[in-house]
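Trainee: The file below is upload13.cif, mmCIF, C-alpha atoms:
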```cif
data_my_file
loop_
_atom_site.label_atom_id
_atom_site.label_comp_id
_atom_site.auth_asym_id
_atom_site.auth_seq_id
_atom_site.Cartn_x
_atom_site.Cartn_y
_atom_site.Cartn_z
CA MET A 20 99.52 119.66 74.13
CA HIS A 21 100.44 115.98 74.36
CA LYS A 22 100.18 114.46 77.83
CA PHE A 23 101.10 111.10 79.30
CA ASN A 24 98.14 108.97 80.35
CA CYS A 25 98.30 107.36 83.77
CA LEU A 26 95.70 105.06 85.34
CA LEU A 27 96.14 104.35 89.04
CA VAL A 28 94.80 100.91 89.98
CA ALA A 29 94.52 101.59 93.70
CA HIS A 30 93.93 98.74 96.14
CA SER A 31 95.63 100.38 99.15
CA ASN A 32 95.51 103.73 100.91
CA SER A 33 98.65 103.05 102.94
CA MET A 34 100.79 105.93 104.18
CA HIS A 35 103.70 104.18 102.42
CA LEU A 36 102.07 105.23 99.13
CA ARG A 37 101.24 108.85 99.93
CA GLN A 38 104.38 110.17 98.27
CA VAL A 39 103.56 108.17 95.10
CA TYR A 40 99.96 109.38 95.02
CA THR A 41 101.07 112.96 95.72
CA GLY A 42 103.59 112.82 92.88
CA PHE A 43 100.98 111.73 90.35
CA ASN A 44 98.53 114.33 91.65
CA ILE A 45 101.03 117.17 91.22
CA LEU A 46 101.97 116.01 87.71
CA ALA A 47 98.28 116.15 86.79
CA ASN A 48 97.93 119.64 88.28
CA ARG A 49 100.99 120.73 86.28
CA GLY A 50 99.27 119.56 83.10
CA LEU A 51 101.88 116.92 82.29
CA ILE A 52 99.64 113.85 82.63
CA ASN A 53 96.03 112.84 82.24
CA LEU A 54 95.32 111.07 85.52
CA SER A 55 92.54 108.58 86.15
CA GLN A 56 91.96 106.07 88.92
CA LYS A 57 90.31 102.71 89.42
CA ILE A 58 89.56 101.53 92.95
CA SER A 59 90.33 97.83 93.28
CA LYS A 60 89.12 96.27 96.53
CA THR A 61 91.41 93.26 96.70
CA GLN A 62 92.63 91.26 99.69
CA PHE A 63 96.34 91.91 100.08
CA TYR A 64 97.02 90.01 103.32
CA ASP A 65 98.56 86.58 102.73
CA PRO A 66 99.01 84.44 105.88
CA ALA A 67 101.09 81.90 103.93
CA LYS A 68 104.01 84.32 103.52
CA GLU A 69 106.75 85.13 106.00
CA HIS A 70 105.47 87.30 108.83
CA HIS A 71 107.04 90.55 107.60
CA LEU A 72 105.68 90.00 104.06
CA ARG A 73 102.12 88.99 104.87
CA ASP A 74 100.76 92.49 104.37
CA ALA A 75 103.53 93.80 102.08
CA ARG A 76 101.07 94.50 99.27
CA HIS A 77 99.69 97.44 101.25
CA ALA A 78 102.78 99.29 99.98
CA HIS A 79 102.16 98.53 96.29
CA LEU A 80 100.51 100.50 93.50
CA LYS A 81 99.86 99.37 89.94
CA VAL A 82 99.86 102.07 87.25
CA VAL A 83 98.93 101.65 83.59
CA PHE A 84 101.10 104.08 81.64
CA ASN A 85 100.04 105.31 78.20
CA GLY A 86 97.52 102.51 77.90
CA ASN A 87 99.93 99.61 77.47
CA LEU A 88 102.78 99.67 80.00
CA VAL A 89 102.17 98.23 83.46
CA LEU A 90 104.26 99.84 86.19
CA GLN A 91 104.48 98.43 89.71
CA PHE A 92 105.52 100.72 92.57
CA ASP A 93 106.81 98.86 95.64
CA THR A 94 107.50 101.07 98.67
CA HIS A 95 107.71 98.26 101.23
CA ASP A 96 110.65 98.35 103.66
CA SER A 97 112.08 94.93 102.81
CA ILE A 98 114.45 93.79 100.07
CA GLU A 99 112.05 91.15 98.73
CA VAL A 100 109.97 91.88 95.64
CA ASP A 101 106.51 90.49 94.95
CA LEU A 102 107.22 87.83 92.33
CA GLU A 103 103.60 87.61 91.16
CA TYR A 104 103.42 91.37 90.65
CA LEU A 105 106.87 91.37 89.03
CA LYS A 106 105.83 88.78 86.46
CA ALA A 107 102.66 90.76 85.61
CA CYS A 108 104.35 94.14 85.03
CA ASP A 109 106.69 95.75 82.51
CA PHE A 110 108.62 97.91 85.00
CA TYR A 111 108.96 97.47 88.76
CA PHE A 112 110.14 100.41 90.87
CA LYS A 113 111.50 99.19 94.19
CA ARG A 114 112.16 101.38 97.23
CA SER A 115 114.60 99.03 99.01
CA TYR A 116 116.57 98.30 95.86
CA SER A 117 119.52 95.90 95.72
CA ALA A 118 121.18 95.25 92.34
CA LYS A 119 122.64 91.99 93.66
CA TYR A 120 119.22 90.74 94.75
CA CYS A 121 117.69 91.73 91.40
CA GLU A 122 120.44 89.85 89.53
CA SER A 123 119.51 86.73 91.49
CA LEU A 124 116.06 86.85 89.85
CA GLY A 125 117.42 86.35 86.33
CA ASP A 126 115.64 88.03 83.42
CA GLN A 127 112.72 89.09 85.61
CA GLY A 128 115.13 91.08 87.76
CA LYS A 129 116.03 93.23 84.75
CA LYS A 130 112.58 94.84 85.02
CA ILE A 131 113.36 96.21 88.49
CA PHE A 132 114.65 99.77 88.97
CA PRO A 133 115.37 101.84 92.10
CA TYR A 134 112.43 103.95 93.22
CA GLY A 135 114.29 106.31 95.52
CA LEU A 136 113.65 107.67 99.00
CA ASN A 137 110.24 107.59 100.63
CA TYR A 138 108.58 109.90 103.16
CA ASP A 139 105.08 111.00 104.11
CA VAL A 140 103.73 113.95 102.10
CA PHE A 141 100.32 115.14 100.89
CA PRO A 142 99.45 117.47 97.98
CA ASN A 143 98.68 121.11 98.73
CA ARG A 144 95.38 121.21 96.88
CA PHE A 145 92.10 119.30 97.07
CA ASN A 146 92.60 115.84 95.62
CA ALA A 147 89.52 114.10 94.19
CA HIS A 148 91.35 110.81 93.68
CA GLY A 149 92.59 110.97 97.26
CA LEU A 150 89.04 111.55 98.48
CA ALA A 151 87.89 108.45 96.59
CA ARG A 152 90.63 106.36 98.20
CA ASN A 153 89.72 107.72 101.62
CA LEU A 154 86.08 106.86 101.04
CA PHE A 155 86.47 103.36 99.67
CA LEU A 156 89.79 101.95 100.90
CA PRO A 157 91.04 101.27 104.46
CA GLY A 158 93.96 103.33 105.72
CA ASN A 159 96.31 103.98 108.64
CA HIS A 160 94.00 106.43 110.45
CA SER A 161 90.30 106.76 111.24
CA LYS A 162 88.03 107.29 108.26
CA LEU A 163 87.03 110.74 109.53
CA LYS A 164 90.67 111.82 109.75
CA ARG A 165 91.40 110.38 106.31
CA LEU A 166 88.45 112.22 104.79
CA ALA A 167 89.49 115.48 106.46
CA SER A 168 92.97 115.17 104.92
CA SER A 169 91.38 115.53 101.46
CA PHE A 170 90.27 119.09 102.23
CA PRO A 171 93.06 121.62 102.88
CA PHE A 172 90.65 124.10 104.50
CA LEU A 173 90.32 121.64 107.43
CA ASP A 174 94.07 121.64 108.16
CA ARG A 175 93.63 124.04 111.08
CA ALA A 176 91.73 121.33 112.93
CA CYS A 177 94.24 118.57 112.21
CA PHE A 178 97.77 119.00 110.86
CA VAL A 179 98.44 117.32 107.51
CA PRO A 180 102.03 117.13 106.17
CA ARG A 181 101.32 118.86 102.88
CA LEU A 182 104.07 119.60 100.42
CA ARG A 183 104.31 123.26 101.44
CA PHE A 184 105.15 122.19 105.01
CA MET A 185 107.55 119.43 103.95
CA GLU A 186 110.32 121.34 102.19
CA ASN A 187 112.78 124.05 103.19
CA PRO A 188 115.68 125.79 101.46
CA PRO A 189 119.07 125.55 103.22
CA ASP A 190 119.66 127.96 106.08
CA THR A 191 123.45 127.92 106.17
CA SER A 192 123.53 130.63 108.85
CA LEU A 193 122.34 128.21 111.54
CA SER A 194 124.86 127.45 114.27
CA PRO A 195 125.92 123.77 114.42
CA LYS A 196 123.27 121.71 116.19
CA ALA A 197 122.02 118.17 115.60
CA ILE A 198 118.59 116.54 115.86
CA PHE A 199 117.74 112.85 116.23
CA VAL A 200 114.19 111.96 117.31
CA VAL A 201 113.22 108.31 116.82
CA ARG A 202 110.83 105.61 117.91
CA ALA A 203 111.66 102.41 119.75
CA TYR A 204 110.17 99.33 118.10
CA ASP A 205 108.39 96.85 120.35
CA PRO A 206 109.94 93.48 119.39
CA PHE A 207 106.96 91.65 120.86
CA SER A 208 104.11 93.63 119.32
CA ALA A 209 103.18 90.56 117.23
CA SER A 210 102.98 87.14 118.87
CA ASP A 211 104.05 85.25 115.73
CA ARG A 212 107.03 87.42 114.78
CA SER A 213 110.11 85.32 113.96
CA ALA A 214 113.05 85.17 116.36
CA GLU A 215 115.24 86.79 113.70
CA LYS A 216 112.92 89.79 113.36
CA ILE A 217 112.59 90.12 117.14
CA GLU A 218 116.38 90.35 117.41
CA GLU A 219 116.45 92.84 114.52
CA ARG A 220 114.14 95.20 116.40
CA LYS A 221 116.14 94.85 119.60
CA ALA A 222 119.35 95.66 117.72
CA ILE A 223 117.81 98.73 116.06
CA ASN A 224 116.60 100.00 119.43
CA ASP A 225 119.94 99.41 121.12
CA THR A 226 121.88 101.18 118.36
CA ARG A 227 119.55 104.16 118.55
CA ALA A 228 119.80 104.23 122.35
CA ARG A 229 123.59 104.16 122.30
CA CYS A 230 123.69 106.94 119.68
CA ILE A 231 121.35 109.13 121.74
CA MET A 232 123.36 108.58 124.92
CA LEU A 233 126.73 109.36 123.31
CA LEU A 234 125.45 112.37 121.36
CA LYS A 235 123.89 113.86 124.50
CA LYS A 236 127.17 113.37 126.35
CA GLU A 237 129.31 114.86 123.58
CA PHE A 238 127.20 117.81 122.42
CA GLY A 239 124.99 118.66 125.39
CA ASN A 240 122.53 121.44 124.61
CA HIS A 241 123.66 121.47 120.98
CA PHE A 242 121.93 118.11 120.52
CA TYR A 243 118.16 117.62 120.55
CA GLY A 244 117.02 114.03 120.53
CA GLY A 245 115.69 110.93 122.16
CA PHE A 246 112.98 108.33 121.87
CA VAL A 247 109.38 109.35 121.36
CA PRO A 248 107.80 108.63 124.79
CA GLU A 249 105.60 105.70 123.83
CA THR A 250 104.86 102.64 125.97
CA TYR A 251 107.82 100.43 125.00
CA ALA A 252 110.31 103.31 125.11
CA ARG A 253 109.06 104.47 128.52
CA LYS A 254 109.54 100.98 129.90
CA ASN A 255 112.96 100.27 128.41
CA TYR A 256 114.64 103.63 127.73
CA LYS A 257 113.14 105.97 130.31
CA ASP A 258 116.36 108.03 130.60
CA LEU A 259 116.57 108.61 126.84
CA LEU A 260 113.12 110.02 126.07
CA VAL A 261 112.40 113.32 124.38
CA ASP A 262 111.44 115.61 127.26
CA ASN A 263 108.04 116.68 126.02
CA LYS A 264 105.79 114.35 124.04
CA ASN A 265 103.97 117.36 122.56
CA GLN A 266 107.24 118.26 120.83
CA THR A 267 107.11 114.96 118.90
CA SER A 268 103.83 115.70 117.13
CA LYS A 269 104.47 116.03 113.41
CA LYS A 270 103.75 119.75 113.33
CA LYS A 271 105.98 120.55 116.32
CA TYR A 272 108.74 118.21 115.14
CA LEU A 273 108.93 119.87 111.71
CA HIS A 274 109.06 123.29 113.37
CA ILE A 275 112.03 122.12 115.47
CA LEU A 276 113.71 120.36 112.53
CA ALA A 277 113.81 123.62 110.59
CA LYS A 278 116.10 125.10 113.29
CA TYR A 279 118.72 122.33 113.18
CA PRO A 280 121.24 122.15 110.32
CA ILE A 281 122.36 118.57 111.11
CA SER A 282 119.92 115.66 111.01
CA LEU A 283 120.68 112.06 111.98
CA ALA A 284 119.13 108.84 110.73
CA THR A 285 119.52 105.16 111.51
CA THR A 286 118.58 101.96 109.71
CA GLY A 287 114.87 101.14 109.69
CA LEU A 288 113.04 97.83 109.71
CA HIS A 289 114.38 95.16 107.34
CA ASP A 290 117.55 97.25 106.76
CA SER A 291 115.47 99.93 105.04
CA ILE A 292 116.37 103.59 104.65
CA GLY A 293 113.98 105.31 107.03
CA TRP A 294 111.62 108.14 106.15
CA LYS A 295 113.63 110.56 108.28
CA PHE A 296 116.33 110.44 105.60
CA GLY A 297 113.97 111.64 102.87
CA GLU A 298 112.52 114.30 105.16
CA SER A 299 116.00 115.54 105.97
CA ILE A 300 116.85 115.99 102.31
CA ALA A 301 113.54 117.80 101.72
CA PHE A 302 114.54 120.17 104.54
CA SER A 303 118.04 120.69 103.09
CA LYS A 304 119.90 119.27 106.08
CA ALA A 305 123.45 118.03 106.48
CA ILE A 306 122.80 114.33 107.06
CA LEU A 307 124.56 111.72 109.14
CA THR A 308 123.20 108.21 108.72
CA GLU A 309 123.92 104.65 109.62
CA LYS A 310 125.45 102.88 106.60
CA LEU A 311 122.91 102.39 103.80
CA HIS A 312 122.02 98.89 102.62
CA PHE A 313 120.16 99.88 99.47
CA SER A 314 120.78 101.93 96.32
CA VAL A 315 119.16 105.31 95.68
CA PRO A 316 119.46 107.11 92.31
CA SER A 317 122.29 109.70 92.22
CA LEU A 318 122.70 109.76 96.02
CA LYS A 319 126.39 109.99 96.97
CA GLU A 320 128.15 109.47 100.27
CA GLY A 321 130.32 112.44 101.14
CA THR A 322 128.17 114.74 99.01
CA HIS A 323 124.66 114.19 100.35
CA TYR A 324 125.45 112.44 103.63
CA LEU A 325 128.12 111.03 105.92
CA SER A 326 127.74 107.53 107.31
CA PHE A 327 128.71 105.56 110.40
CA ALA A 328 128.88 101.89 111.37
CA THR A 329 128.86 102.18 115.17
CA PRO A 330 127.48 104.66 117.71
CA GLU A 331 131.05 105.68 118.52
CA GLU A 332 131.71 106.46 114.85
CA CYS A 333 128.42 108.37 114.82
CA VAL A 334 129.88 110.83 117.33
CA THR A 335 133.12 111.12 115.35
CA GLN A 336 131.28 111.86 112.11
CA ALA A 337 128.89 114.25 113.84
CA SER A 338 131.91 116.17 115.11
CA ARG A 339 133.04 116.63 111.50
CA LEU A 340 129.72 118.23 110.62
CA PHE A 341 129.84 120.39 113.75
CA THR A 342 133.34 121.72 113.14
CA ASP A 343 133.59 121.87 109.33
CA HIS A 344 131.34 124.74 108.27
CA ASN A 345 132.15 124.34 104.57
CA LEU A 346 131.29 120.63 104.60
CA ARG A 347 128.03 121.30 106.42
CA LYS A 348 127.12 124.18 104.11
CA SER A 349 127.91 122.34 100.87
CA MET A 350 125.94 119.28 102.00
CA MET A 351 122.88 121.39 102.81
CA ILE A 352 123.05 123.04 99.39
CA ASP A 353 123.65 119.73 97.58
CA ASN A 354 120.65 118.18 99.33
CA PHE A 355 118.49 121.13 98.28
CA LYS A 356 119.60 120.45 94.69
CA TYR A 357 118.99 116.71 95.10
CA TYR A 358 115.48 117.31 96.39
CA HIS A 359 114.51 119.32 93.33
CA ALA A 360 116.19 116.91 90.90
CA TRP A 361 115.21 113.54 92.42
CA LEU A 362 113.04 113.60 95.55
CA LYS A 363 110.24 116.16 95.19
CA PRO A 364 107.19 113.91 94.67
CA ASP A 365 106.30 115.01 91.14
CA VAL A 366 109.93 114.91 90.01
CA LEU A 367 110.47 111.46 91.53
CA ILE A 368 107.42 110.06 89.74
CA LEU A 369 108.28 111.82 86.47
CA ASN A 370 111.74 110.23 86.60
CA THR A 371 110.15 106.77 86.87
CA LEU A 372 107.83 107.49 83.94
CA LEU A 373 110.75 108.65 81.82
CA THR A 374 112.69 105.51 82.74
CA ALA A 375 109.78 103.39 81.51
CA LEU A 376 109.42 105.50 78.35
CA GLU A 377 113.12 105.34 77.49
CA ARG A 378 113.44 101.58 78.04
CA SER A 379 110.17 100.44 76.47
CA ASN A 380 110.11 98.99 72.96
#
```
Show this structure as structure tokens.
Mentor:
Amino acid sequence: MHKFNCLLVAHSNSMHLRQVYTGFNILANRGLINLSQKISKTQFYDPAKEHHLRDARHAHLKVVFNGNLVLQFDTHDSIEVDLEYLKACDFYFKRSYSAKYCESLGDQGKKIFPYGLNYDVFPNRFNAHGLARNLFLPGNHSKLKRLASSFPFLDRACFVPRLRFMENPPDTSLSPKAIFVVRAYDPFSASDRSAEKIEERKAINDTRARCIMLLKKEFGNHFYGGFVPETYARKNYKDLLVDNKNQTSKKKYLHILAKYPISLATTGLHDSIGWKFGESIAFSKAILTEKLHFSVPSLKEGTHYLSFATPEECVTQASRLFTDHNLRKSMMIDNFKYYHAWLKPDVLILNTLLTALERSN
């Protein structure tokens, strides 16, 4: 049987890349690709760049496809692409994809394609390549925790968001309820952050706070939400916290999410589409989101989500999902279909490989 050949040139073990790594791992387990990996210990922090781009390469992965095509996966939040990486690759798959921005890059921009939605997910089975990355590359958690995540039999000791825990078919029998659990960003967590990016974080926090307040007022016990009770949120939004911090652990949150048919999302850093959006599709939810700034393959407003521009409009649109059973039901089913056609990690990665195959000479 013919298989695609994929070489991962891994210089980062960032959680931004877990979905990408998981997708390749599953394709290998399915027998569709021959997967190999090269660990590349390169310095990806560049103090000469703008503050929000100095460590952007942590969210990049280079893949050599069928021996001669260089693919670059860019899962960073921001609109900007890495021009050096773009010049060195044949195809560039960008998470925060803007056709207008790509057009501004001339012929080089023609190599850029939308990656899709991102969220945190691990493979179900032991992953030798993942173990190697955990051994030899820095990551978001302690080395012991990273190593433990390579072995599924250790999951009882520490929850890992494996694929089997990160997907759910639509339960259209659920009564209308909405969930919106978010973090508040500390605008001053970095001393050299630009004034523009400080204001961006403040605006994100204030929008989220206003949404939480209005949704609580409108829907009462039919709404579950608030800020995760971390230091900045406790200080600035003490009346809008989730009641019990234990409920915001990943395991507990996913258990609660499964019981709510309506899931809300707001804009992330640098106008990105947050990971909650991808999670909500994987769990077959009816989704209400702040207006999207970037393009995602085959994702349609009105079919897969409703959007809002202000907290007040958020309540109005949420009311539609509460009262219109058929709209809520069809959206949950359509998001289940979307997940299996576009978002499931192996399918997402396979779609990028097929794009490269179809458009290569």
Trainee: Taking all atoms listed in the file into account, name the residue in A:Asp109, A:Glu219, A:Glu122, A:Glu298 that is nearest to A:Asn187.
Mentor: A:Glu298
Trainee: Just so the selection is clear, what residues does the PyMOL selection byres ((chain A and resi 196-205) around 6) cover here, as a list in words?
Mentor: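 This file gives the following for the PyMOL selection byres ((chain A and resi 196-205) around 6): Pro195, Pro206, Phe207, Ser208, Arg220, Asn224, His241, Phe242, Tyr243, Gly244, Gly245, Phe246, Val247, Tyr251, Ala252, Tyr279, Ile281, Ser282 and Leu283 of chain A.
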Trainee: Measure the distance from atom CA of A:Arg49 to atom CA of A:Ile368 in Å and round it to one decimal.
Mentor: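 About the pair atom CA of A:Arg49 and atom CA of A:Ile368: they are 12.9 Å apart.
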Trainee: Just give me the gap between atom CA of A:Phe23 and atom CA of A:Val100 in Å, one decimal is fine.
Mentor: 26.7 Å
Trainee: Report, in Å with one decimal, the straight-line distance from atom CA of A:Lys57 to atom CA of A:Ala375.
Mentor: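 Calculated distance between atom CA of A:Lys57 and atom CA of A:Ala375 is 21.0 Å.
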Trainee: Given the file shown, enumerate the residues that the PyMOL selection byres ((chain A and resi 306-319) around 6) captures and present them as a list in words.
Mentor: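 Checked against the file, the PyMOL selection byres ((chain A and resi 306-319) around 6) matches Ser115, Tyr116, Ser117, Gly135, Ile281, Ser282, Leu283, Ala284, Thr285, Thr286, Lys304, Ala305, Glu320, Thr322, His323, Tyr324, Leu325, Ser326, Phe327 and Ala328 of chain A.
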Trainee: Give me a file of those residues, with C-alpha atoms, as a PDB file, in the frame of the given file.
Mentor:
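And here's selection_9.pdb as it stands now:
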```
ATOM      1  CA  SER A 115     114.600  99.030  99.010  1.00  0.00           C
ATOM      2  CA  TYR A 116     116.570  98.300  95.860  1.00  0.00           C
ATOM      3  CA  SER A 117     119.520  95.900  95.720  1.00  0.00           C
ATOM      4  CA  GLY A 135     114.290 106.310  95.520  1.00  0.00           C
ATOM      5  CA  ILE A 281     122.360 118.570 111.110  1.00  0.00           C
ATOM      6  CA  SER A 282     119.920 115.660 111.010  1.00  0.00           C
ATOM      7  CA  LEU A 283     120.680 112.060 111.980  1.00  0.00           C
ATOM      8  CA  ALA A 284     119.130 108.840 110.730  1.00  0.00           C
ATOM      9  CA  THR A 285     119.520 105.160 111.510  1.00  0.00           C
ATOM     10  CA  THR A 286     118.580 101.960 109.710  1.00  0.00           C
ATOM     11  CA  LYS A 304     119.900 119.270 106.080  1.00  0.00           C
ATOM     12  CA  ALA A 305     123.450 118.030 106.480  1.00  0.00           C
ATOM     13  CA  GLU A 320     128.150 109.470 100.270  1.00  0.00           C
ATOM     14  CA  THR A 322     128.170 114.740  99.010  1.00  0.00           C
ATOM     15  CA  HIS A 323     124.660 114.190 100.350  1.00  0.00           C
ATOM     16  CA  TYR A 324     125.450 112.440 103.630  1.00  0.00           C
ATOM     17  CA  LEU A 325     128.120 111.030 105.920  1.00  0.00           C
ATOM     18  CA  SER A 326     127.740 107.530 107.310  1.00  0.00           C
ATOM     19  CA  PHE A 327     128.710 105.560 110.400  1.00  0.00           C
ATOM     20  CA  ALA A 328     128.880 101.890 111.370  1.00  0.00           C
TER      21      ALA A 328
END
```
Trainee: Measuring between all atoms listed in the file, which one of A:Pro66, A:Gly125, A:Pro142, A:Gly293 shows the shortest distance to A:Ile45?
Mentor: A:Pro142
Trainee: For the file shown, report as a list of chain:residue names the outcome of the PyMOL selection byres ((chain A and resi 188) around 10) at residue level.
Mentor: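 The output of the PyMOL selection byres ((chain A and resi 188) around 10) on this file is A:Glu186, A:Asn187, A:Pro189, A:Asp190, A:Thr191, A:Ala277, A:Ile300, A:Ala301, A:Phe302, A:Ser303, A:Lys304, A:Met351, A:Ile352, A:Asn354, A:Phe355, A:Lys356, A:Tyr358.
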Trainee: If we count all atoms listed in the file and set the cut-off at 7 Å, which residues sit around stretch 155-168 of chain A, ignoring sequence neighbours fewer than 4 positions away in its own chain? Please answer as a list in words.
Mentor: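 Once the nearby chain positions are removed, what remains is Ser31, Asn32, Ser33, Met34, Leu150, Ala151, Leu173 and Val179 of chain A.
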Trainee: From the list A:Leu193, A:Ile275, A:Leu182, A:Leu372, which residue is nearest A:Arg347 when using only C-alpha atoms?
Mentor: A:Leu193
Trainee: Using all atoms listed in the file, which of A:Phe296, A:Phe63, A:Tyr272, A:Phe341 sits nearest A:Leu136?
Mentor: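 Checking each of A:Phe296, A:Phe63, A:Tyr272, A:Phe341 against A:Leu136, counting all atoms listed in the file, the winner is A:Phe296.
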Trainee: Point out the residue among A:Asn240, A:Asn380, A:Ser192, A:Ser59 with the least atom-to-atom distance to A:His344, counting only C-alpha atoms.
Mentor: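 Going through A:Asn240, A:Asn380, A:Ser192, A:Ser59 one by one, the smallest distance to A:His344 is for A:Ser192.
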Trainee: Calculate, to one decimal in Å, the centre and edge lengths of the box along x, y and z of the file that holds all listed atoms of stretch 56-65 of chain A with 5 Å of margin on each side, and present them as AutoDock Vina command-line options.
Mentor:
```
--center_x 93.8 --center_y 96.3 --center_z 96.1 --size_x 19.4 --size_y 29.5 --size_z 24.4
```
Trainee: Write out as a list in words the residues lying within 9 Å of A:Cys121, counting only C-alpha atoms and excluding same-chain residues fewer than 6 positions away.
Mentor: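 The residues satisfying every condition are Val100, Gln127, Gly128, Lys129, Lys130, Ile131 and Phe132 of chain A.
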Trainee: Using all atoms listed in the file, can you tell me which of A:Ser210, A:Ser291, A:Ser299, A:Thr226 comes closest to A:Cys333?
Mentor: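 The shortest atom-to-atom distance to A:Cys333 comes from A:Thr226.
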Trainee: Mind completing stretch 100-115 of chain A with N, CA and C atoms? Output as a PDB file, in the coordinates of the input, please?
Mentor:
```pdb
ATOM      1  N   VAL A 100     110.972  91.370  96.568  1.00  0.00           N
ATOM      2  CA  VAL A 100     109.970  91.880  95.640  1.00  0.00           C
ATOM      3  C   VAL A 100     108.816  90.888  95.588  1.00  0.00           C
ATOM      4  N   ASP A 101     107.680  91.345  95.107  1.00  0.00           N
ATOM      5  CA  ASP A 101     106.510  90.490  94.950  1.00  0.00           C
ATOM      6  C   ASP A 101     106.620  89.804  93.583  1.00  0.00           C
ATOM      7  N   LEU A 102     106.931  88.522  93.580  1.00  0.00           N
ATOM      8  CA  LEU A 102     107.220  87.830  92.330  1.00  0.00           C
ATOM      9  C   LEU A 102     106.007  87.745  91.413  1.00  0.00           C
ATOM     10  N   GLU A 103     104.818  87.641  91.983  1.00  0.00           N
ATOM     11  CA  GLU A 103     103.600  87.610  91.160  1.00  0.00           C
ATOM     12  C   GLU A 103     103.398  88.960  90.470  1.00  0.00           C
ATOM     13  N   TYR A 104     103.551  90.037  91.230  1.00  0.00           N
ATOM     14  CA  TYR A 104     103.420  91.370  90.650  1.00  0.00           C
ATOM     15  C   TYR A 104     104.539  91.649  89.641  1.00  0.00           C
ATOM     16  N   LEU A 105     105.739  91.161  89.938  1.00  0.00           N
ATOM     17  CA  LEU A 105     106.870  91.370  89.030  1.00  0.00           C
ATOM     18  C   LEU A 105     106.597  90.716  87.677  1.00  0.00           C
ATOM     19  N   LYS A 106     106.103  89.505  87.699  1.00  0.00           N
ATOM     20  CA  LYS A 106     105.830  88.780  86.460  1.00  0.00           C
ATOM     21  C   LYS A 106     104.753  89.473  85.631  1.00  0.00           C
ATOM     22  N   ALA A 107     103.806  90.152  86.303  1.00  0.00           N
ATOM     23  CA  ALA A 107     102.660  90.760  85.610  1.00  0.00           C
ATOM     24  C   ALA A 107     102.916  92.181  85.131  1.00  0.00           C
ATOM     25  N   CYS A 108     104.102  92.743  85.401  1.00  0.00           N
ATOM     26  CA  CYS A 108     104.350  94.140  85.030  1.00  0.00           C
ATOM     27  C   CYS A 108     105.469  94.250  84.002  1.00  0.00           C
ATOM     28  N   ASP A 109     105.597  95.457  83.439  1.00  0.00           N
ATOM     29  CA  ASP A 109     106.690  95.750  82.510  1.00  0.00           C
ATOM     30  C   ASP A 109     107.873  96.402  83.221  1.00  0.00           C
ATOM     31  N   PHE A 110     107.577  97.228  84.225  1.00  0.00           N
ATOM     32  CA  PHE A 110     108.620  97.910  85.000  1.00  0.00           C
ATOM     33  C   PHE A 110     108.221  97.895  86.470  1.00  0.00           C
ATOM     34  N   TYR A 111     109.201  97.620  87.326  1.00  0.00           N
ATOM     35  CA  TYR A 111     108.960  97.470  88.760  1.00  0.00           C
ATOM     36  C   TYR A 111     109.901  98.424  89.486  1.00  0.00           C
ATOM     37  N   PHE A 112     109.330  99.409  90.170  1.00  0.00           N
ATOM     38  CA  PHE A 112     110.140 100.410  90.870  1.00  0.00           C
ATOM     39  C   PHE A 112     110.142 100.092  92.361  1.00  0.00           C
ATOM     40  N   LYS A 113     111.338  99.744  92.848  1.00  0.00           N
ATOM     41  CA  LYS A 113     111.500  99.190  94.190  1.00  0.00           C
ATOM     42  C   LYS A 113     112.189 100.182  95.112  1.00  0.00           C
ATOM     43  N   ARG A 114     111.565 100.472  96.250  1.00  0.00           N
ATOM     44  CA  ARG A 114     112.160 101.380  97.230  1.00  0.00           C
ATOM     45  C   ARG A 114     113.461 100.805  97.795  1.00  0.00           C
ATOM     46  N   SER A 115     113.401  99.643  98.423  1.00  0.00           N
ATOM     47  CA  SER A 115     114.600  99.030  99.010  1.00  0.00           C
ATOM     48  C   SER A 115     115.287  98.194  97.929  1.00  0.00           C
TER      49      SER A 115
END
```
